[in-house]
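K.L.:
Got a structure here, written out as structure tokens. Questions coming.
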Amino acid sequence: QVQVVESGGGLVQAGGSLRLSCAASGNRFMFNTMAWYRQAPGKQRELVATITRLGSTNYADSVKGRFTISRGGAENTADLQMNNLEPGDTAVYYCSGNLLGNDYWGQGTRVTVSS
């Protein structure tokens, strides 16, 4: 059974940085795409960033220039470096991996940015 686990969330002041990590286990193959989403209180889940197995990346306009997604050192891992954080970045951040048409999700890690 595939399991996805996020870590690295926490409380930070505006202008600060956090690094989120995601690791999947239980799958024999490499995810085609890994992604980070977020869901703020009272809002729908939104896509933050994606990275393909070849390393191509894509970002939401709201985080371009501030967030960087990268594949981790091990297979099926992905990090999200978040710099210059804003109160509007406060949300639960979720990692997902896509494999053979199926999406696998973690339980999320909370990020709170204080002003």
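Chain lettering (A, B, ...) mirrors the order of the structure tokens, residue numbering begins at 1 for each chain separately, and ligand numbering begins at 1 in order of display.
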List the neighbours of Cys95 of chain A out to 8 Å using only C-alpha atoms; skip same-chain residues closer than 2 positions along the sequence, and give me the result as a list in words.

P.N.:
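Once the adjacent positions are removed, what remains is Val4, Val5, Glu6, Cys22, Met34, Ala35, Trp36, Tyr37, Tyr93, Gly97, Trp105, Gly106 and Gly108 of chain A.
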
K.L.:
Only N, CA and C atoms, please: the residues just picked out, written as a PDB file, in the first residue's frame.

P.N.:
ATOM      1  N   VAL A   4       2.005   8.266   1.685  1.00  0.00           N
ATOM      2  CA  VAL A   4       2.679   9.537   1.446  1.00  0.00           C
ATOM      3  C   VAL A   4       2.682  10.316   2.754  1.00  0.00           C
ATOM      4  N   VAL A   5       3.844  10.794   3.142  1.00  0.00           N
ATOM      5  CA  VAL A   5       3.968  11.486   4.424  1.00  0.00           C
ATOM      6  C   VAL A   5       4.671  12.823   4.218  1.00  0.00           C
ATOM      7  N   GLU A   6       4.047  13.878   4.731  1.00  0.00           N
ATOM      8  CA  GLU A   6       4.637  15.209   4.672  1.00  0.00           C
ATOM      9  C   GLU A   6       5.233  15.569   6.034  1.00  0.00           C
ATOM     10  N   CYS A  22       8.392  15.593   1.524  1.00  0.00           N
ATOM     11  CA  CYS A  22       7.386  14.578   1.235  1.00  0.00           C
ATOM     12  C   CYS A  22       8.102  13.295   0.856  1.00  0.00           C
ATOM     13  N   MET A  34       5.019  14.630  -9.007  1.00  0.00           N
ATOM     14  CA  MET A  34       4.729  14.907  -7.607  1.00  0.00           C
ATOM     15  C   MET A  34       4.314  16.362  -7.494  1.00  0.00           C
ATOM     16  N   ALA A  35       3.458  16.623  -6.536  1.00  0.00           N
ATOM     17  CA  ALA A  35       2.912  17.969  -6.441  1.00  0.00           C
ATOM     18  C   ALA A  35       2.663  18.348  -4.987  1.00  0.00           C
ATOM     19  N   TRP A  36       2.645  19.637  -4.770  1.00  0.00           N
ATOM     20  CA  TRP A  36       2.228  20.195  -3.492  1.00  0.00           C
ATOM     21  C   TRP A  36       0.959  21.015  -3.721  1.00  0.00           C
ATOM     22  N   TYR A  37      -0.018  20.785  -2.875  1.00  0.00           N
ATOM     23  CA  TYR A  37      -1.251  21.546  -2.853  1.00  0.00           C
ATOM     24  C   TYR A  37      -1.367  22.191  -1.468  1.00  0.00           C
ATOM     25  N   TYR A  93      -0.702  22.060   3.928  1.00  0.00           N
ATOM     26  CA  TYR A  93      -0.036  21.709   2.677  1.00  0.00           C
ATOM     27  C   TYR A  93      -0.033  20.192   2.512  1.00  0.00           C
ATOM     28  N   GLY A  97       1.348  12.235  -5.214  1.00  0.00           N
ATOM     29  CA  GLY A  97       2.123  11.604  -6.264  1.00  0.00           C
ATOM     30  C   GLY A  97       1.193  10.908  -7.229  1.00  0.00           C
ATOM     31  N   TRP A 105      -2.230  10.639  -1.786  1.00  0.00           N
ATOM     32  CA  TRP A 105      -2.170  11.856  -0.980  1.00  0.00           C
ATOM     33  C   TRP A 105      -1.651  11.567   0.417  1.00  0.00           C
ATOM     34  N   GLY A 106      -0.953  12.575   0.960  1.00  0.00           N
ATOM     35  CA  GLY A 106      -0.593  12.518   2.356  1.00  0.00           C
ATOM     36  C   GLY A 106      -1.670  13.150   3.213  1.00  0.00           C
ATOM     37  N   GLY A 108      -1.163  15.789   5.137  1.00  0.00           N
ATOM     38  CA  GLY A 108      -0.986  17.230   5.201  1.00  0.00           C
ATOM     39  C   GLY A 108      -0.123  17.675   6.371  1.00  0.00           C
TER      40      GLY A 108
END

K.L.:
What's around segment 58-72 of chain A at 10 Å? Count only C-alpha atoms, leave out sequence neighbours fewer than 4 positions away in its own chain, and write the answer as a VMD selection string.

P.N.:
chain A and resid 17 to 23 34 to 37 46 to 54 76 to 86 88 to 89

K.L.:
Check chain A with DSSP on the backbone and list each residue it calls strand (DSSP E or B), as an MDAnalysis selection string.

P.N.:
chainID A and resid 3:7 10:13 18:25 33:39 46:52 57:59 67:71 77:82 91:99 102:105 109:114

K.L.:
Between atom CA of Asp103 of chain A and atom CA of Ser56 of chain A, what is the distance, to one decimal in Å?

P.N.:
18.4 Å

K.L.:
Could you jot down the atom CA of Thr90 of chain A to atom CA of Phe31 of chain A separation for me, Å, one decimal place?

P.N.:
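About the pair atom CA of Thr90 of chain A and atom CA of Phe31 of chain A: they are 27.1 Å apart.
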
K.L.:
What does the distance between atom CA of Asn32 of chain A and atom CA of Gln44 of chain A come to in Å, to one decimal place?

P.N.:
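Answer for the atom CA of Asn32 of chain A to atom CA of Gln44 of chain A separation: 24.5 Å.
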
K.L.:
Go through A:Ala40, A:Gln1, A:Ser7, A:Phe29 and flag the residue nearest Gln107 of chain A, using only C-alpha atoms for the distances.

P.N.:
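Among the listed residues, the smallest separation from Gln107 of chain A belongs to A:Ser7.
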